[in-house]
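This is entry_31.cif (mmCIF, C-alpha atoms).
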```cif
data_target
loop_
_atom_site.label_atom_id
_atom_site.label_comp_id
_atom_site.auth_asym_id
_atom_site.auth_seq_id
_atom_site.Cartn_x
_atom_site.Cartn_y
_atom_site.Cartn_z
CA MET A 1 0.00 0.00 0.00
CA GLY A 2 2.90 2.35 0.86
CA GLN A 3 4.45 1.74 -2.55
CA ARG A 4 1.13 2.62 -4.23
CA VAL A 5 0.90 5.87 -2.24
CA ARG A 6 4.42 6.78 -3.31
CA HIS A 7 3.53 6.10 -6.96
CA ILE A 8 0.45 8.35 -6.66
CA LYS A 9 2.59 11.03 -5.07
CA TRP A 10 5.06 10.87 -7.92
CA ALA A 11 2.21 11.00 -10.44
CA TRP A 12 0.90 14.25 -8.98
CA LEU A 13 4.41 15.68 -8.91
CA ALA A 14 4.78 14.69 -12.58
CA LEU A 15 1.56 16.43 -13.51
CA ALA A 16 2.47 19.51 -11.50
CA GLY A 17 5.85 19.61 -13.22
CA LEU A 18 4.17 20.27 -16.54
CA SER A 19 3.70 23.89 -15.59
CA LEU A 20 7.28 24.41 -14.37
CA PRO A 21 9.57 26.68 -16.38
CA GLY A 22 12.40 25.20 -18.35
CA CYS A 23 10.46 22.09 -19.19
CA MET A 24 12.18 21.77 -22.57
CA SER A 25 15.72 21.57 -21.13
CA ALA A 26 18.16 18.77 -21.87
CA VAL A 27 17.75 15.34 -20.31
CA PRO A 28 20.39 14.86 -17.59
CA SER A 29 21.54 11.67 -15.88
CA ASP A 30 21.00 11.35 -12.13
CA GLU A 31 22.18 8.79 -9.58
CA ILE A 32 19.49 7.00 -7.57
CA GLU A 33 20.62 4.30 -5.12
CA GLY A 34 23.74 3.63 -7.17
CA GLU A 35 21.84 3.43 -10.49
CA SER A 36 22.35 5.80 -13.37
CA VAL A 37 18.89 6.84 -14.58
CA GLN A 38 17.68 9.26 -17.21
CA VAL A 39 15.48 11.89 -15.58
CA SER A 40 12.91 13.33 -17.95
CA ARG A 41 12.69 17.07 -17.29
CA LEU A 42 10.23 17.09 -20.18
CA ALA A 43 7.64 15.57 -17.85
CA GLY A 44 9.25 16.61 -14.60
CA VAL A 45 9.38 12.96 -13.38
CA THR A 46 12.02 11.31 -11.22
CA PRO A 47 11.40 7.60 -10.47
CA PRO A 48 10.95 6.68 -6.80
CA PRO A 49 14.13 5.45 -5.09
CA GLY A 50 14.70 1.73 -5.70
CA ALA A 51 11.96 1.47 -8.31
CA ILE A 52 14.32 0.71 -11.17
CA ALA A 53 16.21 -1.86 -9.08
CA ALA A 54 12.92 -3.55 -8.18
CA ALA A 55 11.78 -3.60 -11.78
CA ARG A 56 15.08 -5.06 -12.95
CA GLU A 57 14.92 -7.70 -10.26
CA GLU A 58 11.37 -8.65 -11.31
CA ALA A 59 12.43 -8.94 -14.96
CA GLU A 60 15.65 -10.88 -14.47
CA THR A 61 15.27 -13.02 -11.34
CA SER A 62 14.03 -16.47 -12.35
CA VAL A 63 14.29 -19.85 -10.68
CA ILE A 64 13.77 -21.60 -14.03
CA ILE A 65 16.56 -19.71 -15.82
CA THR A 66 18.88 -20.19 -12.85
CA GLU A 67 18.16 -23.92 -12.98
CA LEU A 68 18.84 -24.02 -16.72
CA LEU A 69 22.11 -22.13 -16.34
CA GLY A 70 23.34 -24.57 -13.70
CA ARG A 71 23.03 -27.68 -15.87
CA GLU A 72 26.20 -29.46 -16.93
CA SER A 73 26.47 -31.70 -19.97
CA VAL A 74 26.80 -35.42 -19.26
CA LEU A 75 28.90 -35.89 -22.41
CA PRO A 76 32.50 -36.63 -21.33
CA ALA A 77 34.88 -33.85 -22.34
CA GLY A 78 37.07 -34.77 -25.31
CA SER A 79 34.99 -37.83 -26.18
CA ALA A 80 33.55 -38.61 -29.60
CA PHE A 81 30.10 -37.52 -28.40
CA ALA A 82 31.48 -34.18 -27.16
CA ARG A 83 33.25 -33.57 -30.49
CA VAL A 84 30.02 -34.19 -32.41
CA SER A 85 28.07 -31.94 -30.04
CA ASP A 86 30.55 -29.08 -30.35
CA ALA A 87 30.58 -29.29 -34.14
CA VAL A 88 26.80 -29.22 -34.57
CA LEU A 89 26.29 -26.45 -32.02
CA LYS A 90 28.77 -24.24 -33.85
CA ALA A 91 26.65 -24.60 -37.00
CA ASP A 92 23.32 -24.02 -35.20
CA ALA A 93 21.21 -21.20 -36.64
CA ARG A 94 19.83 -20.61 -33.10
CA ALA A 95 16.47 -19.20 -34.08
CA SER A 96 15.31 -19.85 -30.50
CA ALA A 97 18.13 -17.63 -29.25
CA SER A 98 16.74 -14.73 -31.27
CA GLU A 99 13.30 -15.38 -29.81
CA LEU A 100 14.82 -15.36 -26.31
CA LYS A 101 16.54 -12.05 -27.05
CA ALA A 102 13.24 -10.56 -28.21
CA ALA A 103 11.48 -11.82 -25.08
CA ARG A 104 14.17 -10.27 -22.89
CA LEU A 105 13.77 -6.93 -24.64
CA ARG A 106 10.01 -7.11 -24.12
CA ALA A 107 10.59 -7.86 -20.44
CA GLN A 108 12.99 -4.94 -20.19
CA ALA A 109 10.35 -2.66 -21.70
CA ALA A 110 7.63 -4.06 -19.42
CA SER A 111 9.78 -3.56 -16.32
CA LYS A 112 9.25 0.21 -16.74
CA ASN A 113 5.55 0.12 -17.53
CA TRP A 114 4.72 1.82 -14.20
CA LEU A 115 6.34 5.08 -15.38
CA PRO A 116 4.15 7.86 -16.84
CA ARG A 117 3.62 7.87 -20.59
CA VAL A 118 4.45 11.07 -22.45
CA GLY A 119 3.68 12.02 -26.02
CA PRO A 120 2.84 14.94 -28.31
CA VAL A 121 -0.69 15.85 -29.31
CA VAL A 122 -1.33 17.90 -32.47
CA SER A 123 -4.84 19.04 -33.39
CA LEU A 124 -6.47 21.47 -35.81
CA ALA A 125 -8.44 23.92 -33.63
CA SER A 126 -9.84 25.84 -36.58
CA LEU A 127 -9.21 26.24 -40.28
CA SER A 128 -6.07 28.28 -39.58
CA ASP A 129 -4.89 27.32 -36.05
CA VAL A 130 -2.83 24.23 -35.17
CA VAL A 131 -2.67 23.39 -31.45
CA THR A 132 0.35 21.47 -30.19
CA GLN A 133 0.41 20.02 -26.70
CA LEU A 134 2.44 17.61 -24.59
CA ALA A 135 0.34 14.96 -22.86
CA VAL A 136 1.29 12.80 -19.88
CA ASP A 137 -0.68 9.89 -18.44
CA MET A 138 -0.01 7.75 -15.38
CA VAL A 139 -1.90 4.89 -13.80
CA LEU A 140 -2.75 5.47 -10.15
CA PHE A 141 -4.75 2.30 -9.48
CA ASP A 142 -5.21 -0.64 -11.88
CA HIS A 143 -5.91 -3.73 -9.73
CA GLY A 144 -2.35 -5.01 -10.32
CA ARG A 145 -2.46 -4.90 -14.12
CA LYS A 146 0.96 -3.33 -14.61
CA LYS A 147 2.58 -5.84 -12.28
CA ALA A 148 0.78 -8.67 -14.09
CA GLU A 149 2.16 -7.37 -17.40
CA ARG A 150 5.66 -7.47 -15.92
CA ASP A 151 5.06 -11.01 -14.65
CA PHE A 152 3.81 -12.03 -18.09
CA ALA A 153 6.95 -10.66 -19.75
CA LYS A 154 9.13 -12.43 -17.19
CA ALA A 155 7.33 -15.75 -17.77
CA ASP A 156 7.67 -15.19 -21.51
CA VAL A 157 11.45 -14.95 -21.06
CA GLU A 158 11.43 -18.17 -19.02
CA LEU A 159 9.40 -19.97 -21.67
CA ALA A 160 11.75 -18.76 -24.41
CA ALA A 161 14.73 -19.97 -22.35
CA VAL A 162 13.18 -23.42 -21.92
CA THR A 163 12.43 -23.54 -25.66
CA LEU A 164 16.05 -22.68 -26.44
CA SER A 165 17.28 -25.44 -24.11
CA GLU A 166 14.85 -27.92 -25.68
CA ASP A 167 15.91 -27.02 -29.22
CA THR A 168 19.61 -27.23 -28.35
CA ASN A 169 19.29 -30.61 -26.64
CA ALA A 170 17.11 -31.89 -29.49
CA ARG A 171 19.73 -30.81 -32.04
CA VAL A 172 22.51 -32.55 -30.13
CA LEU A 173 20.40 -35.71 -29.82
CA THR A 174 19.66 -35.67 -33.56
CA ALA A 175 23.35 -35.32 -34.36
CA LEU A 176 24.39 -38.05 -31.93
CA SER A 177 21.64 -40.34 -33.25
CA LEU A 178 23.05 -39.89 -36.78
CA TYR A 179 26.54 -40.51 -35.44
CA LEU A 180 25.38 -43.74 -33.77
CA ASP A 181 23.63 -44.81 -36.96
CA GLY A 182 26.83 -44.27 -38.91
CA ALA A 183 28.98 -46.02 -36.32
CA GLU A 184 26.62 -48.98 -36.10
CA ALA A 185 26.47 -49.26 -39.89
CA ARG A 186 30.28 -49.17 -40.04
CA GLU A 187 30.56 -51.92 -37.45
CA ARG A 188 27.88 -54.03 -39.14
CA ALA A 189 29.64 -53.61 -42.48
CA ALA A 190 32.91 -54.84 -40.94
CA LEU A 191 31.07 -57.80 -39.44
CA GLU A 192 29.45 -58.64 -42.78
CA ARG A 193 32.83 -58.49 -44.53
CA ARG A 194 34.27 -61.03 -42.12
CA THR A 195 31.20 -63.22 -42.53
CA LEU A 196 31.43 -62.92 -46.30
CA LYS A 197 35.10 -63.93 -46.26
CA ASP A 198 34.39 -66.99 -44.10
CA MET A 199 31.37 -68.04 -46.13
CA GLU A 200 33.35 -67.71 -49.36
CA ARG A 201 35.85 -70.16 -47.88
CA PHE A 202 32.97 -72.56 -47.15
CA GLU A 203 31.75 -72.07 -50.72
CA TYR A 204 35.18 -72.94 -52.09
CA ILE A 205 35.30 -76.12 -50.01
CA MET A 206 31.78 -77.09 -51.10
CA GLN A 207 32.59 -76.34 -54.71
CA GLU A 208 35.59 -78.63 -54.60
CA ARG A 209 33.54 -81.36 -52.92
CA VAL A 210 30.86 -81.07 -55.59
CA ARG A 211 33.52 -81.21 -58.28
CA GLY A 212 34.88 -84.38 -56.69
CA GLY A 213 31.42 -85.90 -56.45
CA VAL A 214 31.48 -86.00 -52.64
CA SER A 215 28.67 -83.45 -51.98
CA ASP A 216 25.41 -82.59 -53.66
CA ARG A 217 25.14 -79.52 -55.90
CA SER A 218 22.06 -78.34 -53.98
CA ASP A 219 24.25 -77.61 -50.95
CA LEU A 220 26.42 -75.41 -53.15
CA GLY A 221 23.32 -73.58 -54.34
CA VAL A 222 22.25 -72.95 -50.73
CA LEU A 223 25.68 -71.56 -49.90
CA ARG A 224 25.64 -69.22 -52.88
CA GLN A 225 22.19 -67.99 -51.83
CA LYS A 226 23.56 -67.24 -48.38
CA LEU A 227 26.48 -65.38 -49.93
CA ALA A 228 24.09 -63.23 -51.98
CA GLU A 229 22.18 -62.33 -48.80
CA ILE A 230 25.40 -61.40 -47.01
CA ARG A 231 26.48 -59.17 -49.91
CA ALA A 232 23.06 -57.48 -49.86
CA ARG A 233 23.32 -56.82 -46.13
CA LEU A 234 26.85 -55.49 -46.59
CA ALA A 235 25.73 -53.07 -49.32
CA ALA A 236 22.78 -51.91 -47.20
CA ALA A 237 25.05 -51.29 -44.19
CA GLU A 238 27.52 -49.30 -46.29
CA GLU A 239 24.73 -47.21 -47.81
CA ALA A 240 23.12 -46.56 -44.41
CA GLY A 241 26.46 -45.51 -42.96
CA ALA A 242 27.22 -43.17 -45.87
CA THR A 243 23.76 -41.60 -45.61
CA ALA A 244 24.04 -41.04 -41.84
CA ARG A 245 27.53 -39.53 -42.13
CA ALA A 246 26.48 -37.25 -44.97
CA GLU A 247 23.48 -36.01 -43.03
CA LEU A 248 25.62 -35.46 -39.93
CA ASN A 249 28.20 -33.49 -41.89
CA ALA A 250 25.41 -31.37 -43.35
CA MET A 251 24.45 -30.12 -39.89
CA SER A 252 28.03 -29.80 -38.64
CA ALA A 253 30.51 -26.95 -38.86
CA VAL A 254 33.38 -29.35 -39.69
CA PRO A 255 33.49 -32.85 -41.27
CA LEU A 256 33.10 -35.63 -38.72
CA ASP A 257 34.10 -38.64 -40.83
CA ASP A 258 37.21 -39.26 -38.72
CA VAL A 259 35.34 -39.35 -35.38
CA THR A 260 34.98 -42.88 -34.03
CA GLY A 261 34.16 -44.64 -30.78
CA LEU A 262 31.50 -44.44 -28.08
CA ALA A 263 31.40 -42.57 -24.78
CA ASP A 264 30.25 -43.73 -21.37
CA VAL A 265 27.27 -41.47 -20.63
CA ARG A 266 25.94 -41.67 -17.09
CA VAL A 267 22.65 -39.98 -16.26
CA GLY A 268 19.94 -40.59 -13.68
CA SER A 269 16.49 -39.25 -12.88
CA PHE A 270 17.81 -37.19 -9.95
CA ASP A 271 20.37 -35.22 -11.97
CA ALA A 272 17.87 -32.52 -13.04
CA ARG A 273 14.19 -31.88 -13.53
CA PRO A 274 12.85 -32.78 -16.99
CA LEU A 275 12.49 -29.93 -19.46
CA ASP A 276 8.81 -30.76 -19.98
CA ILE A 277 8.11 -29.82 -16.36
CA LEU A 278 10.00 -26.53 -16.66
CA ARG A 279 8.03 -25.71 -19.81
CA ALA A 280 4.73 -26.44 -18.05
CA GLU A 281 5.71 -24.20 -15.12
CA ALA A 282 6.71 -21.34 -17.43
CA GLU A 283 3.45 -21.68 -19.37
CA ARG A 284 1.50 -21.75 -16.10
CA ASP A 285 3.11 -18.53 -14.87
CA ARG A 286 2.46 -16.84 -18.19
CA ASP A 287 -1.17 -17.97 -18.31
CA ILE A 288 -1.78 -16.81 -14.75
CA ALA A 289 -0.22 -13.43 -15.48
CA GLN A 290 -2.38 -13.06 -18.60
CA ALA A 291 -5.45 -13.98 -16.56
CA ARG A 292 -4.59 -11.24 -14.06
CA VAL A 293 -4.22 -8.76 -16.91
CA ASP A 294 -7.63 -9.79 -18.28
CA ARG A 295 -9.21 -9.53 -14.84
CA ALA A 296 -7.81 -6.04 -14.29
CA GLY A 297 -9.24 -5.01 -17.66
CA LEU A 298 -12.74 -5.85 -16.43
CA LEU A 299 -12.43 -3.77 -13.27
CA PRO A 300 -12.38 0.04 -12.97
CA GLY A 301 -9.10 1.84 -12.47
CA ILE A 302 -7.87 5.38 -11.88
CA ASN A 303 -5.59 7.35 -14.21
CA ALA A 304 -4.09 10.82 -13.87
CA GLY A 305 -3.36 12.84 -16.98
CA GLY A 306 -2.33 16.31 -18.03
CA THR A 307 -1.48 18.50 -21.01
CA LEU A 308 0.89 21.40 -21.59
CA GLY A 309 1.17 23.50 -24.75
CA SER A 310 -0.22 26.26 -26.89
CA GLY A 311 -3.76 25.14 -26.15
CA GLY A 312 -3.29 25.63 -22.39
CA THR A 313 -2.50 23.43 -19.42
CA GLY A 314 -4.79 20.98 -17.69
CA VAL A 315 -4.75 18.15 -15.16
CA THR A 316 -7.42 15.44 -15.00
CA VAL A 317 -8.13 12.29 -13.00
CA ASN A 318 -10.19 9.61 -14.75
CA ALA A 319 -11.82 6.43 -13.49
CA GLY A 320 -12.99 3.61 -15.75
CA GLN A 321 -12.11 0.29 -17.33
CA ASP A 322 -11.12 -1.08 -20.71
CA SER A 323 -14.48 -2.75 -21.33
CA LEU A 324 -17.98 -1.92 -20.19
CA LEU A 325 -19.71 -3.99 -17.54
CA GLY A 326 -22.40 -6.38 -18.70
CA ILE A 327 -24.51 -9.28 -17.57
CA GLY A 328 -21.72 -11.71 -18.47
CA THR A 329 -18.96 -9.89 -16.56
CA GLY A 330 -19.31 -12.16 -13.54
CA ALA A 331 -18.99 -15.25 -15.70
CA SER A 332 -15.94 -13.73 -17.39
CA LEU A 333 -14.27 -13.23 -14.01
CA LYS A 334 -15.03 -16.83 -13.06
CA ALA A 335 -13.61 -18.03 -16.37
CA ILE A 336 -10.40 -16.10 -15.71
CA LYS A 337 -10.19 -17.73 -12.30
CA ALA A 338 -10.65 -21.14 -13.92
CA VAL A 339 -7.65 -20.44 -16.18
CA GLU A 340 -5.39 -20.31 -13.13
CA GLU A 341 -6.71 -23.65 -11.89
CA ALA A 342 -6.30 -25.22 -15.33
CA SER A 343 -2.70 -23.98 -15.54
CA GLY A 344 -1.86 -25.62 -12.24
CA ARG A 345 -3.39 -28.89 -13.38
CA ARG A 346 -1.38 -28.80 -16.59
CA VAL A 347 1.80 -28.65 -14.53
CA ALA A 348 0.67 -31.71 -12.56
CA GLN A 349 -0.15 -33.52 -15.80
CA ALA A 350 3.21 -32.60 -17.36
CA SER A 351 4.98 -33.80 -14.21
CA GLU A 352 3.15 -37.13 -14.39
CA GLU A 353 3.92 -37.62 -18.08
CA ALA A 354 7.58 -36.66 -17.63
CA THR A 355 7.91 -39.06 -14.70
CA ARG A 356 6.40 -41.83 -16.81
CA GLN A 357 8.81 -41.08 -19.66
CA ILE A 358 11.84 -41.04 -17.36
CA SER A 359 10.73 -44.27 -15.67
CA ARG A 360 10.21 -45.92 -19.06
CA LEU A 361 13.68 -44.90 -20.27
CA GLU A 362 15.33 -46.01 -17.03
CA SER A 363 13.58 -49.39 -17.21
CA ARG A 364 14.66 -49.74 -20.82
CA LEU A 365 18.24 -48.92 -19.80
CA LYS A 366 18.21 -51.70 -17.20
CA ALA A 367 16.71 -54.16 -19.68
CA LEU A 368 19.20 -53.27 -22.40
CA GLY A 369 22.11 -53.49 -19.98
CA ARG A 370 21.01 -57.00 -19.05
CA GLN A 371 20.44 -57.96 -22.70
CA VAL A 372 23.88 -56.69 -23.72
CA GLY A 373 25.46 -58.90 -21.06
CA GLU A 374 23.39 -61.88 -22.16
CA ALA A 375 24.22 -61.27 -25.81
CA SER A 376 27.92 -61.22 -24.98
CA GLN A 377 27.65 -64.57 -23.20
CA LEU A 378 25.62 -66.09 -26.03
CA THR A 379 28.17 -64.89 -28.57
CA GLN A 380 30.96 -66.53 -26.59
CA GLU A 381 28.99 -69.78 -26.37
CA ALA A 382 28.27 -69.66 -30.12
CA LYS A 383 32.00 -69.18 -30.76
CA ARG A 384 32.84 -72.20 -28.61
CA ASN A 385 30.27 -74.30 -30.47
CA LEU A 386 31.72 -73.13 -33.77
CA ASP A 387 35.23 -74.09 -32.69
CA LEU A 388 33.92 -77.49 -31.56
CA PHE A 389 32.15 -78.14 -34.86
CA GLN A 390 35.19 -76.92 -36.80
CA GLY A 391 37.38 -79.39 -34.94
CA GLN A 392 34.88 -82.19 -35.56
CA TYR A 393 34.78 -81.25 -39.27
CA ASP A 394 38.56 -81.37 -39.48
CA ALA A 395 38.39 -84.82 -37.90
CA GLY A 396 35.84 -85.92 -40.50
CA GLN A 397 32.97 -86.16 -38.04
CA ARG A 398 30.87 -83.26 -39.42
CA GLN A 399 29.66 -82.11 -42.82
CA VAL A 400 30.34 -78.66 -44.26
CA MET A 401 26.71 -77.61 -43.95
CA ASP A 402 26.77 -78.52 -40.26
CA VAL A 403 29.60 -76.07 -39.70
CA VAL A 404 27.86 -73.47 -41.87
CA GLY A 405 24.71 -73.65 -39.71
CA VAL A 406 26.66 -73.15 -36.49
CA TYR A 407 28.64 -70.30 -38.09
CA GLU A 408 25.40 -68.56 -39.05
CA THR A 409 24.24 -68.76 -35.43
CA PHE A 410 27.53 -67.21 -34.34
CA ALA A 411 27.20 -64.39 -36.91
CA GLU A 412 23.61 -63.68 -35.86
CA GLN A 413 24.66 -63.41 -32.21
CA GLN A 414 27.41 -60.97 -33.16
CA SER A 415 24.93 -58.85 -35.12
CA ARG A 416 22.44 -58.88 -32.24
CA GLN A 417 25.15 -57.82 -29.78
CA VAL A 418 26.10 -54.88 -32.01
CA GLY A 419 22.47 -53.73 -32.27
CA LEU A 420 21.89 -53.94 -28.50
CA LYS A 421 25.09 -52.01 -27.79
CA TYR A 422 23.98 -49.06 -29.91
CA ASP A 423 20.39 -49.23 -28.61
CA LEU A 424 21.80 -48.88 -25.10
CA ALA A 425 23.90 -45.85 -26.09
CA LEU A 426 20.94 -44.19 -27.82
CA THR A 427 18.62 -44.76 -24.84
CA ARG A 428 21.13 -43.12 -22.52
CA LEU A 429 21.24 -40.10 -24.81
CA GLN A 430 17.43 -39.97 -24.96
CA LEU A 431 17.28 -39.91 -21.16
CA ALA A 432 19.87 -37.13 -21.05
CA ARG A 433 17.88 -35.16 -23.62
CA ALA A 434 14.67 -35.48 -21.56
CA MET A 435 16.59 -34.09 -18.58
CA GLY A 436 18.17 -31.33 -20.70
CA LEU A 437 21.71 -32.54 -20.01
CA LEU A 438 23.21 -32.83 -23.49
CA ALA A 439 24.64 -29.29 -23.44
CA ASN A 440 25.94 -26.94 -20.77
CA GLY A 441 23.31 -24.46 -19.65
CA GLY A 442 25.77 -21.58 -19.55
CA ARG A 443 26.84 -22.24 -23.12
CA ILE A 444 23.25 -22.39 -24.32
#
```
Here is a file; write its structure as structure tokens.
Amino acid sequence: MGQRVRHIKWAWLALAGLSLPGCMSAVPSDEIEGESVQVSRLAGVTPPPGAIAAAREEAETSVIITELLGRESVLPAGSAFARVSDAVLKADARASASELKAARLRAQAASKNWLPRVGPVVSLASLSDVVTQLAVDMVLFDHGRKKAERDFAKADVELAAVTLSEDTNARVLTALSLYLDGAEARERAALERRTLKDMERFEYIMQERVRGGVSDRSDLGVLRQKLAEIRARLAAAEEAGATARAELNAMSAVPLDDVTGLADVRVGSFDARPLDILRAEAERDRDIAQARVDRAGLLPGINAGGTLGSGGTGVTVNAGQDSLLGIGTGASLKAIKAVEEASGRRVAQASEEATRQISRLESRLKALGRQVGEASQLTQEAKRNLDLFQGQYDAGQRQVMDVVGVYETFAEQQSRQVGLKYDLALTRLQLARAMGLLANGGRI
């Protein structure tokens, strides 16, 4: 209440200053509580002490932005993942950053919305007389509308900051997904080349056996069919790898063809709050602030205004509202109140959905970790069986096709192990992206 009285006092002083001499003098710079402020002698207004500091604090202080700034990337420094991340962030167009800058400028403008508004007024009094005046207007009582406008601008900055963090983490995840696709395709291609080389050796043996009349030609036909399938898988792996690397290089500042290897990414559900929850909170604050602005527009307020110029000087105090009262005004106020409740429920819903997503990814991580271990054991067992059958074949106890069947099982286990390894790496990155931990908050 005391702050409102001080604002009213300053409004009356502003209006009284319109009639002071020297009103068209230069605009000096004064010092108020350690802040350099421009004092408008044109309107005779000096802001109340501490008002600019309070407005700046309202516009810039944010728990959400502080939380975003404090986030550290889970990508190990110097790793292949970190190199990919750095390269794609350097080439980012950062459209969201421009939106954040615009939101900050709007918040900076809104932080001074409590100051009087000054502007020229030019009118044609008669066919030959032009009247020029200087008008000033200041809100004395508005049911908290100006503060709600500042809160809206602040929430708009928070929402833009969350959007920027989401876009940056999504870009890094896209790049790392392409990198994993390329790395997996490269590893699968190497595996298919080894398989092709071994199967060609089996084909040569079978061909010689058929030529000597020891084996049936149908077995040779089966082997050649298997070789054709292996060559097709090899070509598909090479094409998939080339496509992924080309797409990755297209979104990178430097070529990344020489980057190889995986990184050990460790992330848990307690490292940070999911970005979806931060977005819901920022949207809630903005919706509530807009509801308060709408509510204030339906209620009467008090404005003080004045004019100074060739047409004379005058001071007026007006009471009214933006829209006229009607039978539906009460329902409109209740609807505005319902917006606040709905915003709070959306935060609860976003929290539930984010928790479900994080739980699903963590469960998938545990399952994939177990499956990777099992696949490694099965691959080792398949290799032992292959060695056993190979020894029995050398001793004349097994046929070539018996060894070929066991070798195929071994190759399939190797391929499955490769796929699970990269699925595990991708799931870890997806969890880090949901938490907003793929890039440093300060760098964003």
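All polymer residues at most 10 Å from (19.8, -29.1, -15.7), using all atoms listed in the file, appear as Ile64, Ile65, Thr66, Glu67, Leu68, Leu69, Gly70, Arg71, Glu72, Ser73, Ser165, Asp271, Ala272, Arg273, Pro274, Leu275, Ala432, Met435, Gly436, Leu437, Leu438, Ala439, Asn440 and Gly441 of chain A.
Among the candidates A:Arg201, A:Arg292, A:Lys421, A:Arg83, the residue lying nearest to A:Val400 is A:Arg201 (atoms considered: all atoms listed in the file).
Note that atom CA of A:Leu115 and atom CA of A:Glu340 are 28.1 Å apart.
If you look at atom CA of A:Ala153 and atom CA of A:Arg443, they are 23.3 Å away from each other.
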Run the PyMOL selection byres ((chain A and resi 357-373) around 7) on the file and write out the hits as a count of residues only. 15
- Please evaluate the PyMOL selection byres ((chain A and resi 101-108) around 8) against the displayed coordinates and give the resulting residues as a count of residues only. 16
